[in-house]
$ cat my_file.cif   # mmCIF, C-alpha atoms
data_data
loop_
_atom_site.label_atom_id
_atom_site.label_comp_id
_atom_site.auth_asym_id
_atom_site.auth_seq_id
_atom_site.Cartn_x
_atom_site.Cartn_y
_atom_site.Cartn_z
CA MET A 18 -45.70 -0.73 46.78
CA ASP A 19 -41.95 -0.81 47.38
CA ARG A 20 -40.07 2.42 46.99
CA ILE A 21 -36.37 3.17 46.73
CA PRO A 22 -35.43 5.64 49.48
CA ILE A 23 -34.15 9.07 48.48
CA LEU A 24 -31.81 10.79 50.95
CA ARG A 25 -31.11 14.49 51.02
CA MET A 26 -27.68 15.92 51.70
CA GLY A 27 -27.61 19.69 51.44
CA ARG A 28 -28.66 20.61 47.92
CA PHE A 29 -28.19 17.09 46.62
CA LEU A 30 -30.36 14.00 46.54
CA LEU A 31 -28.74 10.59 47.03
CA VAL A 32 -30.13 7.27 45.91
CA THR A 33 -28.57 3.86 46.46
CA ILE A 34 -30.22 1.11 44.48
CA GLN A 35 -29.75 -2.07 46.48
CA VAL A 36 -32.41 -4.33 45.04
CA ASP A 37 -32.87 -5.97 41.68
CA MET A 38 -35.29 -3.42 40.25
CA HIS A 39 -38.48 -4.53 38.57
CA ASP A 40 -39.79 -2.12 35.98
CA ARG A 41 -42.47 -0.49 38.15
CA LEU A 42 -39.90 0.21 40.85
CA ALA A 43 -37.67 1.93 38.30
CA LEU A 44 -40.58 4.07 37.07
CA ALA A 45 -41.55 4.93 40.66
CA LEU A 46 -37.98 6.07 41.31
CA GLN A 47 -38.13 8.25 38.20
CA ASP A 48 -41.35 9.90 39.43
CA ASP A 49 -40.18 10.26 43.04
CA LEU A 50 -36.83 11.79 42.08
CA THR A 51 -38.43 14.27 39.70
CA ASN A 52 -40.88 15.37 42.41
CA ARG A 53 -38.17 15.61 45.06
CA ILE A 54 -35.92 17.74 42.82
CA VAL A 55 -38.68 20.35 42.76
CA SER A 56 -39.92 20.04 46.36
CA ASP A 57 -36.38 20.02 47.82
CA ARG A 58 -35.02 22.53 45.28
CA ALA A 59 -32.20 20.09 44.66
CA LYS A 60 -29.30 21.03 42.40
CA GLY A 61 -27.97 17.54 41.91
CA VAL A 62 -28.86 13.85 42.01
CA LEU A 63 -26.39 11.07 42.74
CA ILE A 64 -27.45 7.52 41.92
CA ASP A 65 -25.29 4.70 43.25
CA ILE A 66 -25.72 1.50 41.21
CA SER A 67 -22.76 -0.43 42.66
CA SER A 68 -25.11 -3.14 43.94
CA LEU A 69 -26.77 -3.67 40.57
CA GLU A 70 -25.70 -6.91 38.90
CA ILE A 71 -27.24 -5.96 35.60
CA VAL A 72 -28.58 -2.90 33.82
CA ASP A 73 -30.79 -3.83 30.89
CA SER A 74 -32.23 -1.52 28.24
CA PHE A 75 -35.24 -0.61 30.37
CA MET A 76 -33.13 0.40 33.37
CA GLY A 77 -30.68 2.17 31.08
CA ARG A 78 -33.50 4.13 29.52
CA THR A 79 -34.86 5.00 32.97
CA LEU A 80 -31.47 6.32 34.07
CA GLY A 81 -31.33 8.42 30.90
CA ASN A 82 -34.86 9.71 31.52
CA ILE A 83 -34.01 10.68 35.09
CA ALA A 84 -30.94 12.60 33.90
CA GLY A 85 -32.98 14.32 31.19
CA MET A 86 -35.83 15.31 33.49
CA ALA A 87 -33.38 16.51 36.14
CA ARG A 88 -31.58 18.61 33.52
CA ILE A 89 -34.82 20.34 32.54
CA LEU A 90 -35.43 21.02 36.24
CA ASP A 91 -31.97 22.59 36.56
CA ALA A 92 -30.33 19.70 38.39
CA ASP A 93 -27.31 17.58 37.45
CA THR A 94 -27.32 13.78 37.65
CA VAL A 95 -24.34 11.54 38.21
CA VAL A 96 -24.53 7.74 38.14
CA VAL A 97 -21.77 6.13 40.17
CA GLY A 98 -20.36 2.70 40.92
CA MET A 99 -21.18 0.83 37.73
CA ARG A 100 -19.59 -2.61 37.75
CA PRO A 101 -17.15 -3.34 34.90
CA ALA A 102 -19.21 -6.33 33.71
CA VAL A 103 -22.28 -4.11 33.55
CA ALA A 104 -20.44 -1.49 31.48
CA ILE A 105 -19.19 -4.14 29.03
CA THR A 106 -22.67 -5.62 28.68
CA LEU A 107 -24.39 -2.26 28.25
CA VAL A 108 -22.15 -1.19 25.40
CA GLU A 109 -22.47 -4.57 23.68
CA LEU A 110 -26.24 -4.30 24.08
CA GLY A 111 -26.02 -1.01 22.21
CA LEU A 112 -26.61 1.37 25.08
CA SER A 113 -23.93 3.90 25.97
CA LEU A 114 -26.14 6.04 28.26
CA PRO A 115 -25.87 9.29 26.30
CA GLY A 116 -26.51 12.32 28.47
CA VAL A 117 -25.79 10.48 31.70
CA ARG A 118 -22.72 11.62 33.62
CA THR A 119 -20.88 8.89 35.44
CA ALA A 120 -18.19 8.57 38.07
CA LEU A 121 -16.44 5.54 39.52
CA THR A 122 -17.16 6.27 43.18
CA VAL A 123 -19.61 8.20 45.32
CA GLU A 124 -16.78 10.55 46.29
CA LYS A 125 -15.92 11.34 42.65
CA GLY A 126 -19.61 11.73 41.89
CA MET A 127 -20.05 14.29 44.66
CA GLU A 128 -17.06 16.21 43.29
CA LEU A 129 -18.75 16.34 39.90
CA LEU A 130 -21.98 17.62 41.41
CA ARG A 131 -20.18 20.29 43.43
CA ALA A 132 -18.34 21.54 40.35
CA PRO A 133 -21.01 21.49 37.65
CA GLY A 134 -19.85 22.10 34.12
CA GLU A 135 -16.23 21.39 34.94
CA ASP A 136 -14.40 18.22 34.16
CA VAL A 137 -12.92 16.92 37.34
CA VAL A 138 -9.65 15.18 36.65
CA ASN A 139 -8.14 12.89 39.23
CA GLY A 140 -6.20 14.99 41.74
CA ASP A 141 -6.57 18.12 39.65
CA HIS A 142 -9.78 19.81 40.61
CA PRO A 143 -10.67 23.18 42.12
CA SER A 144 -11.21 22.94 45.87
CA MET B 26 -26.18 -32.15 23.48
CA ALA B 27 -27.33 -33.40 26.89
CA THR B 28 -29.49 -31.58 29.42
CA ILE B 29 -28.17 -31.90 32.96
CA ARG B 30 -31.03 -30.13 34.70
CA HIS B 31 -33.84 -27.82 33.78
CA GLU B 32 -36.43 -25.47 35.25
CA ARG B 33 -39.53 -23.93 33.69
CA LEU B 34 -40.81 -20.49 34.69
CA THR B 35 -44.08 -18.82 33.81
CA VAL B 36 -43.73 -15.16 32.91
CA THR B 37 -46.91 -13.14 32.65
CA THR B 38 -46.05 -9.87 34.38
CA ASN B 39 -43.17 -7.41 34.41
CA ASP B 40 -42.42 -8.38 38.00
CA ALA B 41 -41.74 -11.97 36.92
CA VAL B 42 -38.82 -10.69 34.83
CA VAL B 43 -36.89 -10.24 38.10
CA ASN B 44 -37.51 -13.90 38.90
CA VAL B 45 -36.17 -14.91 35.47
CA ARG B 46 -33.01 -12.87 36.06
CA GLN B 47 -32.43 -14.49 39.46
CA THR B 48 -32.97 -18.03 38.20
CA VAL B 49 -30.77 -17.50 35.13
CA ARG B 50 -28.09 -16.23 37.49
CA GLU B 51 -28.28 -19.46 39.55
CA PHE B 52 -27.81 -21.54 36.39
CA ALA B 53 -24.95 -19.32 35.20
CA VAL B 54 -23.17 -19.66 38.56
CA ASP B 55 -23.63 -23.46 38.53
CA VAL B 56 -22.03 -23.66 35.08
CA LYS B 57 -19.24 -21.38 36.39
CA LEU B 58 -19.60 -18.77 33.67
CA SER B 59 -17.25 -15.81 34.14
CA LEU B 60 -18.75 -12.73 35.76
CA VAL B 61 -18.90 -10.89 32.42
CA ASP B 62 -20.56 -13.87 30.70
CA GLN B 63 -23.04 -14.20 33.58
CA THR B 64 -23.91 -10.53 33.25
CA LYS B 65 -24.36 -10.82 29.48
CA LEU B 66 -26.59 -13.88 29.76
CA ILE B 67 -28.75 -12.42 32.54
CA THR B 68 -29.12 -9.15 30.62
CA ALA B 69 -30.11 -10.98 27.40
CA ALA B 70 -32.64 -13.05 29.35
CA SER B 71 -34.04 -9.91 30.94
CA GLU B 72 -34.57 -8.31 27.52
CA LEU B 73 -36.24 -11.39 26.04
CA ALA B 74 -38.44 -12.04 29.09
CA ARG B 75 -39.67 -8.44 29.04
CA ASN B 76 -40.31 -8.66 25.28
CA MET B 77 -42.41 -11.74 25.93
CA VAL B 78 -44.55 -9.87 28.47
CA VAL B 79 -44.87 -6.66 26.45
CA TYR B 80 -45.33 -8.07 22.94
CA GLY B 81 -46.25 -11.74 23.40
CA GLY B 82 -48.76 -11.44 26.23
CA GLY B 83 -46.54 -13.52 28.50
CA GLY B 84 -45.21 -17.03 28.10
CA THR B 85 -42.77 -19.52 29.57
CA VAL B 86 -39.01 -19.67 29.99
CA LEU B 87 -37.29 -23.05 29.98
CA LEU B 88 -33.83 -22.89 31.53
CA GLU B 89 -31.41 -25.75 30.96
CA GLN B 90 -27.92 -26.60 32.06
CA VAL B 91 -26.57 -28.28 28.94
CA GLU B 92 -23.40 -30.10 27.98
CA ASN B 93 -21.88 -30.59 24.55
CA ASP B 94 -18.47 -32.21 23.92
CA GLY B 95 -17.49 -31.66 27.54
CA HIS B 96 -18.47 -28.00 27.43
CA GLN B 97 -21.23 -26.79 29.72
CA GLY B 98 -23.58 -23.95 29.01
CA VAL B 99 -26.90 -22.39 29.90
CA ARG B 100 -29.71 -22.51 27.38
CA ALA B 101 -32.87 -20.46 27.77
CA THR B 102 -35.98 -20.97 25.64
CA PHE B 103 -38.56 -18.16 25.59
CA GLU B 104 -41.91 -19.27 24.22
CA ASP B 105 -45.10 -17.28 23.80
CA GLN B 106 -48.38 -17.70 21.97
CA GLY B 107 -48.55 -14.03 21.05
CA PRO B 108 -49.08 -12.35 17.68
CA GLY B 109 -45.71 -13.44 16.25
CA ILE B 110 -43.24 -11.20 14.43
CA PRO B 111 -44.26 -10.30 10.84
CA ASP B 112 -40.85 -8.97 9.78
CA VAL B 113 -38.00 -10.61 11.68
CA ALA B 114 -35.21 -8.71 9.90
CA LEU B 115 -36.88 -5.42 10.85
CA ALA B 116 -37.47 -6.54 14.45
CA MET B 117 -33.80 -7.52 14.83
CA ARG B 118 -32.63 -4.09 13.70
CA ASP B 119 -31.30 -1.75 16.39
CA GLY B 120 -33.60 1.16 17.01
CA TYR B 121 -36.71 -0.51 15.64
CA THR B 122 -39.56 -0.88 18.13
CA SER B 123 -43.26 -1.53 17.84
CA GLY B 124 -43.89 -0.93 21.52
CA GLY B 125 -42.30 2.32 22.63
CA GLY B 126 -39.06 0.78 23.86
CA LEU B 127 -35.54 1.53 22.72
CA GLY B 128 -35.58 -1.18 20.09
CA LEU B 129 -32.43 -2.82 21.46
CA GLY B 130 -34.01 -5.94 22.92
CA LEU B 131 -33.76 -8.52 20.14
CA GLY B 132 -30.60 -7.38 18.37
CA GLY B 133 -28.94 -6.57 21.69
CA ALA B 134 -29.83 -9.94 23.20
CA LYS B 135 -28.38 -11.70 20.14
CA ARG B 136 -25.06 -9.90 20.57
CA LEU B 137 -24.83 -10.98 24.21
CA VAL B 138 -24.95 -14.75 23.62
CA GLN B 139 -23.19 -17.26 21.36
CA ASP B 140 -26.23 -19.11 19.99
CA PHE B 141 -29.45 -17.33 19.07
CA GLU B 142 -32.34 -18.98 17.29
CA LEU B 143 -35.70 -17.38 16.53
CA ARG B 144 -38.82 -19.12 15.27
CA THR B 145 -41.99 -17.14 14.79
CA GLU B 146 -45.33 -17.50 13.06
CA VAL B 147 -47.80 -14.66 12.72
CA GLY B 148 -50.88 -15.38 14.80
CA LYS B 149 -49.25 -18.38 16.52
CA GLY B 150 -46.38 -17.08 18.62
CA THR B 151 -42.64 -16.72 18.95
CA THR B 152 -39.91 -18.98 20.33
CA ILE B 153 -36.39 -17.73 20.97
CA VAL B 154 -33.56 -20.01 22.12
CA ILE B 155 -30.32 -18.55 23.43
CA THR B 156 -27.22 -20.32 24.73
CA ARG B 157 -24.16 -19.04 26.49
CA TRP B 158 -21.29 -21.55 26.67
CA LYS B 159 -18.54 -21.71 29.24
#

$ encode --input "my_file.cif" --output "structure tokens"
Amino acid sequence: MDRIPILRMGRFLLVTIQVDMHDRLALALQDDLTNRIVSDRAKGVLIDISSLEIVDSFMGRTLGNIAGMARILDADTVVVGMRPAVAITLVELGLSLPGVRTALTVEKGMELLRAPGEDVVNGDHPS
Amino acid sequence: MATIRHERLTVTTNDAVVNVRQTVREFAVDVKLSLVDQTKLITAASELARNMVVYGGGGTVLLEQVENDGHQGVRATFEDQGPGIPDVALAMRDGYTSGGGLGLGLGGAKRLVQDFELRTEVGKGTTIVITRWK
């Protein structure tokens, strides 16, 4: 079965979703990430969805589940790169991704992961 | 209303939902829907196609490029011979689910399109027709 690759960078795990995910692939990613957080002792997960043309309720729920499971395993999750049209559609669908931290770019997402618990404001963050 | 072209897809597994999304996208691009409208239509179709697999035991999707008074649009008809929906008002309500989902599928899909029509009969099946106009 297809799998979405998970890269490790220091204490963080990076995932770039570049295919239109069918449901089993999304569930496999959820399982794989949860296992890797423990085996790699990861402190953060960054999920890049900039290639995703749509996020429907199933994918939205999966992203929320990943963030929730990571939280319980003492890791932060940041979802980055959501397209504007996807954000508009998600909110109209009724899904605002509660509990999922987001950032516009991979760079901003990494800043969030490096400074957990702090709100990183553009150009005004601890270095 | 005239149909310019159409395509029928069989949807029996979750994996086929991806195929529905891709084909809906082709229709939406042909009709030159804006990017936001494309995204809304594809997302609505994804919700309804998955519903059909999970609750209706699979079915068919008829996609049509339609024209009405010089306006073009994409119409998608989701048809299954599943158990039907006993209480439509309840099923349309946000947060209600009979299958362990989020309960956003039907009501959410309706919000994402301009025309939404649902016909259902218990024991016979459900047909949902959605249209997004340019």

$ residues_around --input "my_file.cif" --residues "B:Gly83" --least-positions-apart "4" --cutoff "12 Å" --atoms "all atoms listed in the file" --output "ChimeraX atom specification"
/B:34-42,73-79,103-108,150-152

$ closest_atom_pairs --input "my_file.cif" --of "chain B" --to "chain A" --cutoff "12 Å" --atoms "all atoms listed in the file" --output "tab-separated table"
residue	atom	partner	partner_atom	distance
B:Thr38	CA	A:Asp40	CA	10.1
B:Asn39	CA	A:Asp40	CA	6.5
B:Asp40	CA	A:His39	CA	5.5
B:Ala41	CA	A:His39	CA	8.3
B:Val42	CA	A:His39	CA	7.2
B:Val43	CA	A:His39	CA	5.9
B:Asn44	CA	A:His39	CA	9.4
B:Val45	CA	A:His39	CA	11.1
B:Arg46	CA	A:Asp37	CA	8.9
B:Gln47	CA	A:Asp37	CA	8.8
B:Arg50	CA	A:Glu70	CA	9.7
B:Ser59	CA	A:Ala102	CA	9.7
B:Leu60	CA	A:Ala102	CA	6.7
B:Val61	CA	A:Ala102	CA	4.7
B:Asp62	CA	A:Ala102	CA	8.2
B:Gln63	CA	A:Ala102	CA	8.8
B:Thr64	CA	A:Ile71	CA	6.1
B:Lys65	CA	A:Thr106	CA	5.5
B:Leu66	CA	A:Thr106	CA	9.2
B:Ile67	CA	A:Ile71	CA	7.3
B:Thr68	CA	A:Asp73	CA	5.6
B:Ala69	CA	A:Asp73	CA	8.0
B:Ala70	CA	A:Asp73	CA	9.5
B:Ser71	CA	A:Asp73	CA	6.9
B:Glu72	CA	A:Asp73	CA	6.8
B:Leu73	CA	A:Asp73	CA	10.5
B:Ala74	CA	A:Asp73	CA	11.4
B:Arg75	CA	A:Phe75	CA	9.1
B:Asn76	CA	A:Phe75	CA	10.8
B:Val78	CA	A:Asp40	CA	11.8
B:Val79	CA	A:Asp40	CA	11.7
B:Arg118	CA	A:Gly111	CA	11.2
B:Asp119	CA	A:Gly111	CA	7.9
B:Gly120	CA	A:Gly111	CA	9.4
B:Gly125	CA	A:Phe75	CA	10.9
B:Gly126	CA	A:Phe75	CA	7.7
B:Leu127	CA	A:Ser74	CA	7.1
B:Gly128	CA	A:Ser74	CA	8.8
B:Leu129	CA	A:Gly111	CA	6.7
B:Gly130	CA	A:Ser74	CA	7.1
B:Leu131	CA	A:Leu110	CA	9.5
B:Gly132	CA	A:Leu110	CA	7.8
B:Gly133	CA	A:Leu110	CA	4.3
B:Ala134	CA	A:Leu110	CA	6.7
B:Lys135	CA	A:Leu110	CA	8.7
B:Arg136	CA	A:Glu109	CA	6.7
B:Leu137	CA	A:Leu110	CA	6.8
B:Val138	CA	A:Glu109	CA	10.5

$ closest_residue --input "my_file.cif" --among "B:Ile110, B:Ser123, B:Leu87, B:Gly98" --to "B:Val147" --atoms "all atoms listed in the file"
B:Ile110

$ resolve_selection --input "my_file.cif" --expression "the PyMOL selection byres ((chain A and resi 57) around 12)" --output "list in words"
Ile23, Leu24, Arg25, Met26, Gly27, Arg28, Phe29, Leu30, Asp49, Leu50, Thr51, Asn52, Arg53, Ile54, Val55, Ser56, Arg58, Ala59, Lys60, Gly61, Val62, Leu90 and Ala92 of chain A

$ resolve_selection --input "my_file.cif" --expression "the PyMOL selection byres ((chain B and resi 156) around 7)" --output "JSON, numbers by chain"
{"B": [98, 99, 100, 101, 138, 139, 140, 141, 154, 155, 157, 158]}

$ closest_residue --input "my_file.cif" --among "B:Val56, B:Ile153, B:Met26, B:Ala114" --to "B:Gln90" --atoms "only C-alpha atoms"
B:Val56

$ residues_around --input "my_file.cif" --residues "stretch 122-131 of chain A" --least-positions-apart "6" --cutoff "8 Å" --atoms "only C-alpha atoms" --output "ChimeraX atom specification"
/A:61-63,65,93-98,137

$ atom_distance --input "my_file.cif" --atom1 "atom CA of A:Ala87" --atom2 "atom CA of A:Leu46"
12.5 Å

$ closest_residue --input "my_file.cif" --among "B:Ala27, B:Leu58, B:Ala116, B:Val49" --to "B:Tyr80" --atoms "all atoms listed in the file"
B:Ala116

$ closest_residue --input "my_file.cif" --among "A:Met76, A:Val32, A:Met86, A:Leu69" --to "A:Leu44" --atoms "all atoms listed in the file"
A:Met76
